file upload-v3.pdb (PDB, C-alpha atoms)
MODEL        1
ATOM      1  CA  MET A   1     -37.638  -3.403 -28.949
ATOM      2  CA  GLU A   2     -37.583  -5.704 -25.969
ATOM      3  CA  GLU A   3     -37.929  -4.157 -22.500
ATOM      4  CA  TYR A   4     -35.792  -4.944 -19.468
ATOM      5  CA  VAL A   5     -36.436  -4.845 -15.735
ATOM      6  CA  VAL A   6     -34.224  -2.907 -13.322
ATOM      7  CA  ARG A   7     -34.193  -4.334  -9.818
ATOM      8  CA  PRO A   8     -32.553  -1.824  -7.445
ATOM      9  CA  ILE A   9     -29.576  -3.153  -5.478
ATOM     10  CA  GLY A  10     -29.703  -0.477  -2.796
ATOM     11  CA  VAL A  11     -30.816   2.990  -1.839
ATOM     12  CA  VAL A  12     -29.246   6.425  -1.255
ATOM     13  CA  ARG A  13     -29.384   7.873   2.250
ATOM     14  CA  SER A  14     -28.678  11.595   2.221
ATOM     15  CA  ALA A  15     -29.411  14.836   4.018
ATOM     16  CA  LEU A  16     -30.812  16.028   0.667
ATOM     17  CA  LYS A  17     -34.530  15.363   0.961
ATOM     18  CA  ASP A  18     -36.003  17.376  -1.897
ATOM     19  CA  PRO A  19     -34.836  17.598  -5.526
ATOM     20  CA  ALA A  20     -35.206  21.380  -5.314
ATOM     21  CA  ASP A  21     -32.460  21.397  -2.683
ATOM     22  CA  ALA A  22     -30.080  19.274  -4.688
ATOM     23  CA  PRO A  23     -27.117  21.006  -6.287
ATOM     24  CA  LYS A  24     -27.153  20.748 -10.065
ATOM     25  CA  GLN A  25     -23.980  18.710 -10.012
ATOM     26  CA  GLY A  26     -23.085  17.086  -6.699
ATOM     27  CA  ALA A  27     -19.589  16.146  -7.717
ATOM     28  CA  LEU A  28     -18.742  19.822  -7.591
ATOM     29  CA  THR A  29     -20.111  20.286  -4.079
ATOM     30  CA  GLY A  30     -18.617  17.487  -2.004
ATOM     31  CA  GLN A  31     -22.038  16.402  -0.750
ATOM     32  CA  GLU A  32     -21.712  13.237   1.333
ATOM     33  CA  ALA A  33     -24.200  10.389   1.280
ATOM     34  CA  GLU A  34     -24.553   6.723   2.117
ATOM     35  CA  ILE A  35     -25.235   3.908  -0.321
ATOM     36  CA  VAL A  36     -27.102   1.219   1.600
ATOM     37  CA  VAL A  37     -26.770  -1.993  -0.382
ATOM     38  CA  ASP A  38     -29.268  -4.836  -0.074
ATOM     39  CA  PRO A  39     -27.423  -7.454   2.024
ATOM     40  CA  ALA A  40     -28.216 -10.023  -0.674
ATOM     41  CA  TYR A  41     -25.488  -8.313  -2.741
ATOM     42  CA  LEU A  42     -22.775  -8.262  -0.070
ATOM     43  CA  PRO A  43     -20.503 -10.654  -2.021
ATOM     44  CA  ALA A  44     -20.626  -8.278  -4.995
ATOM     45  CA  LEU A  45     -18.987  -5.539  -2.869
ATOM     46  CA  GLU A  46     -15.804  -7.526  -2.220
ATOM     47  CA  GLY A  47     -12.791  -5.743  -3.655
ATOM     48  CA  LEU A  48     -14.171  -2.230  -3.238
ATOM     49  CA  ASP A  49     -11.545  -0.294  -1.333
ATOM     50  CA  PRO A  50     -11.431   3.408  -0.388
ATOM     51  CA  ALA A  51      -7.693   3.324  -1.120
ATOM     52  CA  LYS A  52      -8.350   2.482  -4.779
ATOM     53  CA  GLY A  53      -9.811   5.829  -5.732
ATOM     54  CA  LYS A  54     -13.165   6.813  -7.135
ATOM     55  CA  ILE A  55     -16.136   4.621  -7.923
ATOM     56  CA  ILE A  56     -19.118   5.008 -10.201
ATOM     57  CA  VAL A  57     -22.646   4.827  -8.811
ATOM     58  CA  MET A  58     -25.689   4.609 -11.079
ATOM     59  CA  CYS A  59     -29.150   5.393  -9.756
ATOM     60  CA  TRP A  60     -32.681   5.309 -11.101
ATOM     61  CA  MET A  61     -34.057   8.843 -10.879
ATOM     62  CA  HIS A  62     -37.536   7.725  -9.933
ATOM     63  CA  ARG A  63     -38.991  11.244  -9.934
ATOM     64  CA  ALA A  64     -37.867  12.036 -13.482
ATOM     65  CA  ASP A  65     -40.239  12.876 -16.314
ATOM     66  CA  ARG A  66     -39.555  10.135 -18.865
ATOM     67  CA  ASP A  67     -41.567  11.838 -21.587
ATOM     68  CA  ARG A  68     -39.467  15.001 -21.804
ATOM     69  CA  ARG A  69     -37.392  15.277 -24.971
ATOM     70  CA  LYS A  70     -35.996  18.782 -24.417
ATOM     71  CA  VAL A  71     -34.957  20.762 -21.351
ATOM     72  CA  HIS A  72     -33.429  24.078 -20.410
ATOM     73  CA  PRO A  73     -29.824  23.162 -19.510
ATOM     74  CA  ARG A  74     -29.388  23.127 -15.704
ATOM     75  CA  GLY A  75     -33.003  24.261 -15.415
ATOM     76  CA  GLN A  76     -32.068  27.816 -16.416
ATOM     77  CA  GLU A  77     -35.098  29.055 -18.288
ATOM     78  CA  ASP A  78     -33.194  31.863 -19.990
ATOM     79  CA  ARG A  79     -31.131  29.288 -21.852
ATOM     80  CA  PRO A  80     -32.634  27.737 -25.002
ATOM     81  CA  GLU A  81     -34.010  24.222 -24.740
ATOM     82  CA  ARG A  82     -31.837  21.348 -25.887
ATOM     83  CA  GLY A  83     -32.376  17.665 -26.475
ATOM     84  CA  VAL A  84     -32.068  15.739 -23.222
ATOM     85  CA  PHE A  85     -29.374  13.459 -24.713
ATOM     86  CA  SER A  86     -27.064  16.497 -25.003
ATOM     87  CA  THR A  87     -27.473  17.302 -21.284
ATOM     88  CA  ARG A  88     -27.213  15.745 -17.825
ATOM     89  CA  SER A  89     -30.835  16.477 -16.980
ATOM     90  CA  PRO A  90     -32.604  13.865 -14.827
ATOM     91  CA  HIS A  91     -35.500  14.021 -17.279
ATOM     92  CA  ARG A  92     -34.833  11.409 -19.968
ATOM     93  CA  PRO A  93     -36.469   8.259 -21.338
ATOM     94  CA  ASN A  94     -34.470   5.920 -19.084
ATOM     95  CA  PRO A  95     -33.514   8.035 -16.071
ATOM     96  CA  VAL A  96     -30.263   6.336 -15.096
ATOM     97  CA  SER A  97     -27.956   8.774 -13.331
ATOM     98  CA  LEU A  98     -24.182   8.627 -13.272
ATOM     99  CA  HIS A  99     -22.114   9.679 -10.264
ATOM    100  CA  THR A 100     -18.340   9.548 -10.072
ATOM    101  CA  VAL A 101     -17.762   9.714  -6.323
ATOM    102  CA  THR A 102     -15.032   9.291  -3.738
ATOM    103  CA  LEU A 103     -15.443   6.145  -1.667
ATOM    104  CA  LEU A 104     -14.767   7.219   1.931
ATOM    105  CA  SER A 105     -15.517   4.009   3.821
ATOM    106  CA  ILE A 106     -17.311   0.678   3.728
ATOM    107  CA  GLU A 107     -18.939  -0.846   6.790
ATOM    108  CA  GLY A 108     -20.802  -4.032   6.005
ATOM    109  CA  ASN A 109     -23.358  -3.138   3.370
ATOM    110  CA  VAL A 110     -23.043   0.646   3.777
ATOM    111  CA  LEU A 111     -20.760   2.704   1.533
ATOM    112  CA  ARG A 112     -20.029   6.277   2.533
ATOM    113  CA  VAL A 113     -19.271   8.485  -0.478
ATOM    114  CA  ARG A 114     -18.481  12.111  -1.283
ATOM    115  CA  GLY A 115     -19.780  13.958  -4.353
ATOM    116  CA  MET A 116     -23.284  12.459  -4.511
ATOM    117  CA  ASP A 117     -26.184  14.774  -5.351
ATOM    118  CA  SER A 118     -29.014  12.214  -5.325
ATOM    119  CA  VAL A 119     -31.859  12.800  -2.907
ATOM    120  CA  ASP A 120     -32.609  10.526   0.021
ATOM    121  CA  GLY A 121     -34.467   7.412  -1.079
ATOM    122  CA  THR A 122     -33.146   7.265  -4.646
ATOM    123  CA  PRO A 123     -32.851   3.640  -5.819
ATOM    124  CA  VAL A 124     -29.323   2.488  -6.687
ATOM    125  CA  VAL A 125     -28.932   0.450  -9.870
ATOM    126  CA  ASP A 126     -25.222  -0.337 -10.120
ATOM    127  CA  ILE A 127     -21.739   0.273  -8.712
ATOM    128  CA  LYS A 128     -18.565   0.048 -10.822
ATOM    129  CA  SER A 129     -14.894   0.792 -10.471
ATOM    130  CA  HIS A 130     -13.895   4.122 -12.032
ATOM    131  CA  SER A 131     -11.016   4.379 -14.476
ATOM    132  CA  PRO A 132      -9.498   7.758 -15.351
ATOM    133  CA  GLU A 133      -8.278   6.164 -18.584
ATOM    134  CA  LEU A 134     -11.703   4.906 -19.666
ATOM    135  CA  ASP A 135     -13.958   7.526 -18.122
ATOM    136  CA  GLY A 136     -11.907  10.720 -18.102
TER
ATOM    137  CA  MET B   1     -37.954  -2.489  -3.622
ATOM    138  CA  GLU B   2     -39.926  -1.293  -6.596
ATOM    139  CA  GLU B   3     -38.820  -2.394 -10.054
ATOM    140  CA  TYR B   4     -38.453  -0.168 -13.124
ATOM    141  CA  VAL B   5     -38.745  -0.812 -16.834
ATOM    142  CA  VAL B   6     -35.985   0.082 -19.297
ATOM    143  CA  ARG B   7     -37.225   0.826 -22.802
ATOM    144  CA  PRO B   8     -34.260   0.927 -25.205
ATOM    145  CA  ILE B   9     -33.917   4.137 -27.201
ATOM    146  CA  GLY B  10     -31.716   2.651 -29.899
ATOM    147  CA  VAL B  11     -29.313  -0.094 -30.866
ATOM    148  CA  VAL B  12     -25.569  -0.512 -31.489
ATOM    149  CA  ARG B  13     -24.436  -1.393 -35.005
ATOM    150  CA  SER B  14     -20.883  -2.691 -35.016
ATOM    151  CA  ALA B  15     -18.503  -5.003 -36.828
ATOM    152  CA  LEU B  16     -18.131  -6.787 -33.462
ATOM    153  CA  LYS B  17     -20.599  -9.653 -33.707
ATOM    154  CA  ASP B  18     -19.578 -11.911 -30.835
ATOM    155  CA  PRO B  19     -18.758 -10.990 -27.218
ATOM    156  CA  ALA B  20     -15.699 -13.236 -27.459
ATOM    157  CA  ASP B  21     -14.303 -10.904 -30.128
ATOM    158  CA  ALA B  22     -14.906  -7.757 -28.117
ATOM    159  CA  PRO B  23     -11.870  -6.084 -26.610
ATOM    160  CA  LYS B  24     -12.040  -5.957 -22.823
ATOM    161  CA  GLN B  25     -12.185  -2.182 -22.895
ATOM    162  CA  GLY B  26     -13.190  -0.630 -26.202
ATOM    163  CA  ALA B  27     -12.215   2.874 -25.215
ATOM    164  CA  LEU B  28      -8.623   1.731 -25.381
ATOM    165  CA  THR B  29      -8.966   0.292 -28.880
ATOM    166  CA  GLY B  30     -10.639   2.975 -30.963
ATOM    167  CA  GLN B  31     -13.340   0.591 -32.168
ATOM    168  CA  GLU B  32     -15.908   2.472 -34.241
ATOM    169  CA  ALA B  33     -19.621   1.781 -34.133
ATOM    170  CA  GLU B  34     -22.970   3.348 -34.934
ATOM    171  CA  ILE B  35     -25.687   4.221 -32.468
ATOM    172  CA  VAL B  36     -28.979   3.971 -34.350
ATOM    173  CA  VAL B  37     -31.542   5.923 -32.336
ATOM    174  CA  ASP B  38     -35.269   5.227 -32.586
ATOM    175  CA  PRO B  39     -36.615   8.138 -34.702
ATOM    176  CA  ALA B  40     -39.188   8.797 -31.961
ATOM    177  CA  TYR B  41     -36.295  10.276 -29.943
ATOM    178  CA  LEU B  42     -34.901  12.562 -32.661
ATOM    179  CA  PRO B  43     -35.772  15.756 -30.715
ATOM    180  CA  ALA B  44     -33.747  14.465 -27.762
ATOM    181  CA  LEU B  45     -30.592  14.443 -29.925
ATOM    182  CA  GLU B  46     -30.673  18.187 -30.613
ATOM    183  CA  GLY B  47     -27.592  19.890 -29.236
ATOM    184  CA  LEU B  48     -25.282  16.906 -29.654
ATOM    185  CA  ASP B  49     -22.294  18.154 -31.612
ATOM    186  CA  PRO B  50     -19.064  16.352 -32.585
ATOM    187  CA  ALA B  51     -17.222  19.607 -31.891
ATOM    188  CA  LYS B  52     -18.230  19.497 -28.216
ATOM    189  CA  GLY B  53     -16.083  16.537 -27.269
ATOM    190  CA  LYS B  54     -16.944  13.172 -25.840
ATOM    191  CA  ILE B  55     -20.334  11.740 -25.012
ATOM    192  CA  ILE B  56     -21.496   8.991 -22.687
ATOM    193  CA  VAL B  57     -23.472   6.048 -24.017
ATOM    194  CA  MET B  58     -25.182   3.564 -21.711
ATOM    195  CA  CYS B  59     -26.297   0.175 -22.987
ATOM    196  CA  TRP B  60     -28.161  -2.806 -21.597
ATOM    197  CA  MET B  61     -25.833  -5.792 -21.807
ATOM    198  CA  HIS B  62     -28.583  -8.212 -22.715
ATOM    199  CA  ARG B  63     -26.318 -11.267 -22.722
ATOM    200  CA  ALA B  64     -25.001 -10.683 -19.198
ATOM    201  CA  ASP B  65     -25.460 -13.129 -16.335
ATOM    202  CA  ARG B  66     -27.426 -11.109 -13.774
ATOM    203  CA  ASP B  67     -26.957 -13.694 -11.032
ATOM    204  CA  ARG B  68     -23.159 -13.510 -10.884
ATOM    205  CA  ARG B  69     -21.828 -11.866  -7.726
ATOM    206  CA  LYS B  70     -18.088 -12.456  -8.347
ATOM    207  CA  VAL B  71     -15.908 -12.592 -11.439
ATOM    208  CA  HIS B  72     -12.284 -12.977 -12.437
ATOM    209  CA  PRO B  73     -11.234  -9.415 -13.379
ATOM    210  CA  ARG B  74     -11.113  -9.029 -17.175
ATOM    211  CA  GLY B  75     -11.982 -12.722 -17.442
ATOM    212  CA  GLN B  76      -8.438 -13.733 -16.503
ATOM    213  CA  GLU B  77      -8.888 -16.968 -14.597
ATOM    214  CA  ASP B  78      -5.473 -16.751 -12.944
ATOM    215  CA  ARG B  79      -6.619 -13.644 -11.069
ATOM    216  CA  PRO B  80      -8.658 -14.119  -7.896
ATOM    217  CA  GLU B  81     -12.398 -13.512  -8.093
ATOM    218  CA  ARG B  82     -13.750 -10.163  -6.949
ATOM    219  CA  GLY B  83     -17.178  -8.736  -6.321
ATOM    220  CA  VAL B  84     -18.733  -7.518  -9.564
ATOM    221  CA  PHE B  85     -19.276  -4.045  -8.096
ATOM    222  CA  SER B  86     -15.492  -3.593  -7.860
ATOM    223  CA  THR B  87     -15.063  -4.382 -11.577
ATOM    224  CA  ARG B  88     -16.306  -3.385 -15.036
ATOM    225  CA  SER B  89     -17.532  -6.895 -15.828
ATOM    226  CA  PRO B  90     -20.721  -7.097 -17.935
ATOM    227  CA  HIS B  91     -22.030  -9.639 -15.456
ATOM    228  CA  ARG B  92     -23.894  -7.696 -12.740
ATOM    229  CA  PRO B  93     -27.425  -7.479 -11.336
ATOM    230  CA  ASN B  94     -28.449  -4.590 -13.602
ATOM    231  CA  PRO B  95     -26.176  -4.879 -16.644
ATOM    232  CA  VAL B  96     -25.991  -1.222 -17.654
ATOM    233  CA  SER B  97     -22.735  -0.499 -19.455
ATOM    234  CA  LEU B  98     -20.942   2.822 -19.571
ATOM    235  CA  HIS B  99     -19.014   4.033 -22.613
ATOM    236  CA  THR B 100     -17.210   7.340 -22.867
ATOM    237  CA  VAL B 101     -16.800   7.719 -26.607
ATOM    238  CA  THR B 102     -15.814  10.257 -29.227
ATOM    239  CA  LEU B 103     -18.749  11.502 -31.283
ATOM    240  CA  LEU B 104     -17.532  11.499 -34.899
ATOM    241  CA  SER B 105     -20.693  12.489 -36.749
ATOM    242  CA  ILE B 106     -24.476  12.658 -36.612
ATOM    243  CA  GLU B 107     -26.652  12.002 -39.640
ATOM    244  CA  GLY B 108     -30.331  12.045 -38.804
ATOM    245  CA  ASN B 109     -30.830   9.392 -36.126
ATOM    246  CA  VAL B 110     -27.426   7.741 -36.574
ATOM    247  CA  LEU B 111     -24.462   8.662 -34.374
ATOM    248  CA  ARG B 112     -21.037   7.459 -35.429
ATOM    249  CA  VAL B 113     -18.709   7.013 -32.434
ATOM    250  CA  ARG B 114     -15.172   5.838 -31.663
ATOM    251  CA  GLY B 115     -14.211   3.805 -28.582
ATOM    252  CA  MET B 116     -17.293   1.573 -28.369
ATOM    253  CA  ASP B 117     -16.772  -2.091 -27.499
ATOM    254  CA  SER B 118     -20.409  -3.237 -27.469
ATOM    255  CA  VAL B 119     -21.394  -5.994 -29.862
ATOM    256  CA  ASP B 120     -23.779  -5.501 -32.753
ATOM    257  CA  GLY B 121     -27.389  -5.492 -31.615
ATOM    258  CA  THR B 122     -26.792  -4.252 -28.064
ATOM    259  CA  PRO B 123     -29.739  -2.139 -26.861
ATOM    260  CA  VAL B 124     -28.912   1.486 -26.027
ATOM    261  CA  VAL B 125     -30.429   2.899 -22.845
ATOM    262  CA  ASP B 126     -29.200   6.489 -22.647
ATOM    263  CA  ILE B 127     -26.918   9.157 -24.105
ATOM    264  CA  LYS B 128     -25.466  12.017 -22.023
ATOM    265  CA  SER B 129     -22.955  14.785 -22.429
ATOM    266  CA  HIS B 130     -19.560  13.959 -20.911
ATOM    267  CA  SER B 131     -17.838  16.325 -18.503
ATOM    268  CA  PRO B 132     -14.144  15.897 -17.668
ATOM    269  CA  GLU B 133     -14.841  17.790 -14.433
ATOM    270  CA  LEU B 134     -17.680  15.497 -13.309
ATOM    271  CA  ASP B 135     -16.591  12.216 -14.838
ATOM    272  CA  GLY B 136     -12.789  12.328 -14.908
TER
ENDMDL
END
call {"tool": "encode", "arguments": {"input": "upload-v3.pdb", "output": "structure tokens"}}
result
Amino acid sequence: MEEYVVRPIGVVRSALKDPADAPKQGALTGQEAEIVVDPAYLPALEGLDPAKGKIIVMCWMHRADRDRRKVHPRGQEDRPERGVFSTRSPHRPNPVSLHTVTLLSIEGNVLRVRGMDSVDGTPVVDIKSHSPELDG
Amino acid sequence: MEEYVVRPIGVVRSALKDPADAPKQGALTGQEAEIVVDPAYLPALEGLDPAKGKIIVMCWMHRADRDRRKVHPRGQEDRPERGVFSTRSPHRPNPVSLHTVTLLSIEGNVLRVRGMDSVDGTPVVDIKSHSPELDG
């Protein structure tokens, strides 16, 4: 099948520096982070509004192992391995992460969000509006 | 920033042949489709179970216009243009789509799902478990 090229549109800035420090699911922790968007994409941010509720952020988990087919869920080695497509493990053939986060503020090309477990320096692939009806 | 390569792990098979026929949001229509996974990834499917609720499917919208920064929401030209990152438009710099769908059945490498608005032939990038707590 044809391949496609992901060109990051921004980067995560976070106090989380090491994957080992990251909570298994940031949405449950309230971790805050910044999404610094490449200024070339400023027009694409128009319409994002903290008053409109949650947003979806997709990242490229650049430290993931793309060759893993099975993992212990949540890294707990006492649990039997499962196929990566039945988990939220970062290790998967195309390591695109999915974060439903609260948009706290926007200043220029910097979005401040809550509920983001990505480590500092993670490339950002996409931002979308969240819909409880579609995504819940 | 560094670029990354997406290698599709499967393809959508659907009665929807043309983007013009696709509903604006398939999750609201109950459209059924098949996800045909490359047999090389069969081990990664283990643990997926129709009894466990919804799953997330990500696709690469290969017909999208990656250079668009603003769109009319839902293609309605009477509505003012907005930045693509505040919408669910397929037109975006990295056209990764997000589908929260009901897993109806699995037979070998073929997943039958409900709530999928992608057209026939759309490359599939990833499959994840859905979590109402994380994603709702």
call {"tool": "resolve_selection", "arguments": {"input": "upload-v3.pdb", "expression": "the PyMOL selection byres ((chain B and resi 85) around 7)", "output": "list in words"}}
result
Ala44, Leu45, Ile127, Lys128 and Ser129 of chain A; Gly83, Val84, Ser86 and Thr87 of chain B
call {"tool": "axis_aligned_box", "arguments": {"input": "upload-v3.pdb", "around": "range 109-116 of chain B", "padding_each_side": "6 Å", "output": "lines of an AutoDock Vina configuration file"}}
result
center_x = -22.5
center_y = 5.5
center_z = -32.5
size_x = 28.6
size_y = 19.8
size_z = 20.2
call {"tool": "resolve_selection", "arguments": {"input": "upload-v3.pdb", "expression": "the PyMOL selection byres ((chain A) within 7 of (chain B))", "output": "ChimeraX atom specification"}}
result
/A:1,3-8,27,43-48,69-70,82-88,94,100,125-129,132,134-136
call {"tool": "atom_distance", "arguments": {"input": "upload-v3.pdb", "atom1": "CA of Arg114 in chain A", "atom2": "CA of Asp21 in chain A"}}
result
16.8 Å
call {"tool": "atom_distance", "arguments": {"input": "upload-v3.pdb", "atom1": "CA of Ser105 in chain A", "atom2": "CA of Glu34 in chain A"}}
result
9.6 Å
call {"tool": "atom_distance", "arguments": {"input": "upload-v3.pdb", "atom1": "CA of Ser118 in chain B", "atom2": "CA of Cys59 in chain A"}}
result
21.6 Å
call {"tool": "resolve_selection", "arguments": {"input": "upload-v3.pdb", "expression": "the PyMOL selection byres ((chain A and resi 17) around 9)", "output": "list in words"}}
result
Ser14, Ala15, Leu16, Asp18, Pro19, Ala20, Asp21, Ala22, Ser118, Val119, Asp120 and Gly121 of chain A
call {"tool": "closest_residue", "arguments": {"input": "upload-v3.pdb", "among": "B:His91, B:Arg112, B:Gly53, B:Thr29", "to": "Arg74 in chain B", "atoms": "only C-alpha atoms"}}
result
B:His91
call {"tool": "decode", "arguments": {"input": "upload-v3.pdb", "residues": "range 82-91 of chain B", "atoms": "all heavy atoms", "output": "tab-separated table (two decimals), in the first residue's frame"}}
result
chain	number	residue	atom	x	y	z
B	82	ARG	N	-13.77	28.87	8.91
B	82	ARG	CA	-13.05	28.75	10.18
B	82	ARG	C	-11.76	27.99	9.95
B	82	ARG	O	-11.61	27.25	8.98
B	82	ARG	CB	-13.91	27.98	11.19
B	82	ARG	CG	-15.00	28.83	11.82
B	82	ARG	CD	-16.04	28.02	12.50
B	82	ARG	NE	-15.50	26.92	13.29
B	82	ARG	CZ	-16.26	26.01	13.89
B	82	ARG	NH1	-17.57	26.06	13.78
B	82	ARG	NH2	-15.72	25.04	14.59
B	83	GLY	N	-10.83	28.15	10.89
B	83	GLY	CA	-9.59	27.39	10.82
B	83	GLY	C	-9.88	25.89	10.87
B	83	GLY	O	-10.74	25.46	11.64
B	84	VAL	N	-9.16	25.12	10.07
B	84	VAL	CA	-9.45	23.68	10.00
B	84	VAL	C	-9.26	23.00	11.36
B	84	VAL	O	-9.95	22.01	11.65
B	84	VAL	CB	-8.59	22.96	8.93
B	84	VAL	CG1	-8.98	23.42	7.54
B	84	VAL	CG2	-7.10	23.13	9.18
B	85	PHE	N	-8.39	23.53	12.20
B	85	PHE	CA	-8.17	22.88	13.50
B	85	PHE	C	-9.35	23.06	14.46
B	85	PHE	O	-9.38	22.43	15.52
B	85	PHE	CB	-6.88	23.39	14.16
B	85	PHE	CG	-5.61	23.00	13.43
B	85	PHE	CD1	-4.48	23.81	13.49
B	85	PHE	CD2	-5.52	21.82	12.71
B	85	PHE	CE1	-3.31	23.46	12.84
B	85	PHE	CE2	-4.35	21.45	12.04
B	85	PHE	CZ	-3.24	22.28	12.11
B	86	SER	N	-10.29	23.93	14.12
B	86	SER	CA	-11.49	24.08	14.95
B	86	SER	C	-12.66	23.30	14.37
B	86	SER	O	-13.80	23.48	14.81
B	86	SER	CB	-11.85	25.55	15.11
B	86	SER	OG	-12.46	26.05	13.93
B	87	THR	N	-12.40	22.44	13.38
B	87	THR	CA	-13.45	21.68	12.71
B	87	THR	C	-13.08	20.20	12.64
B	87	THR	O	-12.02	19.79	13.09
B	87	THR	CB	-13.66	22.16	11.26
B	87	THR	OG1	-12.59	21.67	10.43
B	87	THR	CG2	-13.68	23.68	11.17
B	88	ARG	N	-13.97	19.42	11.99
B	88	ARG	CA	-13.69	18.02	11.69
B	88	ARG	C	-13.52	17.81	10.19
B	88	ARG	O	-13.65	16.69	9.68
B	88	ARG	CB	-14.82	17.14	12.23
B	88	ARG	CG	-14.94	17.17	13.74
B	88	ARG	CD	-13.75	16.52	14.42
B	88	ARG	NE	-13.85	15.11	14.44
B	88	ARG	CZ	-14.09	14.37	15.53
B	88	ARG	NH1	-14.19	14.95	16.71
B	88	ARG	NH2	-14.18	13.07	15.46
B	89	SER	N	-13.27	18.89	9.47
B	89	SER	CA	-13.08	18.79	8.02
B	89	SER	C	-12.00	17.78	7.67
B	89	SER	O	-10.99	17.67	8.36
B	89	SER	CB	-12.68	20.16	7.48
B	89	SER	OG	-12.26	20.05	6.13
B	90	PRO	N	-12.16	17.04	6.55
B	90	PRO	CA	-11.06	16.18	6.09
B	90	PRO	C	-9.86	16.98	5.60
B	90	PRO	O	-8.74	16.44	5.55
B	90	PRO	CB	-11.69	15.38	4.93
B	90	PRO	CG	-12.87	16.16	4.51
B	90	PRO	CD	-13.36	16.92	5.72
B	91	HIS	N	-10.07	18.22	5.24
B	91	HIS	CA	-8.98	19.02	4.70
B	91	HIS	C	-8.17	19.61	5.85
B	91	HIS	O	-8.66	20.46	6.60
B	91	HIS	CB	-9.53	20.13	3.80
B	91	HIS	CG	-10.43	19.60	2.73
B	91	HIS	ND1	-9.99	18.70	1.79
B	91	HIS	CD2	-11.74	19.80	2.49
B	91	HIS	CE1	-11.00	18.39	0.98
B	91	HIS	NE2	-12.08	19.03	1.39
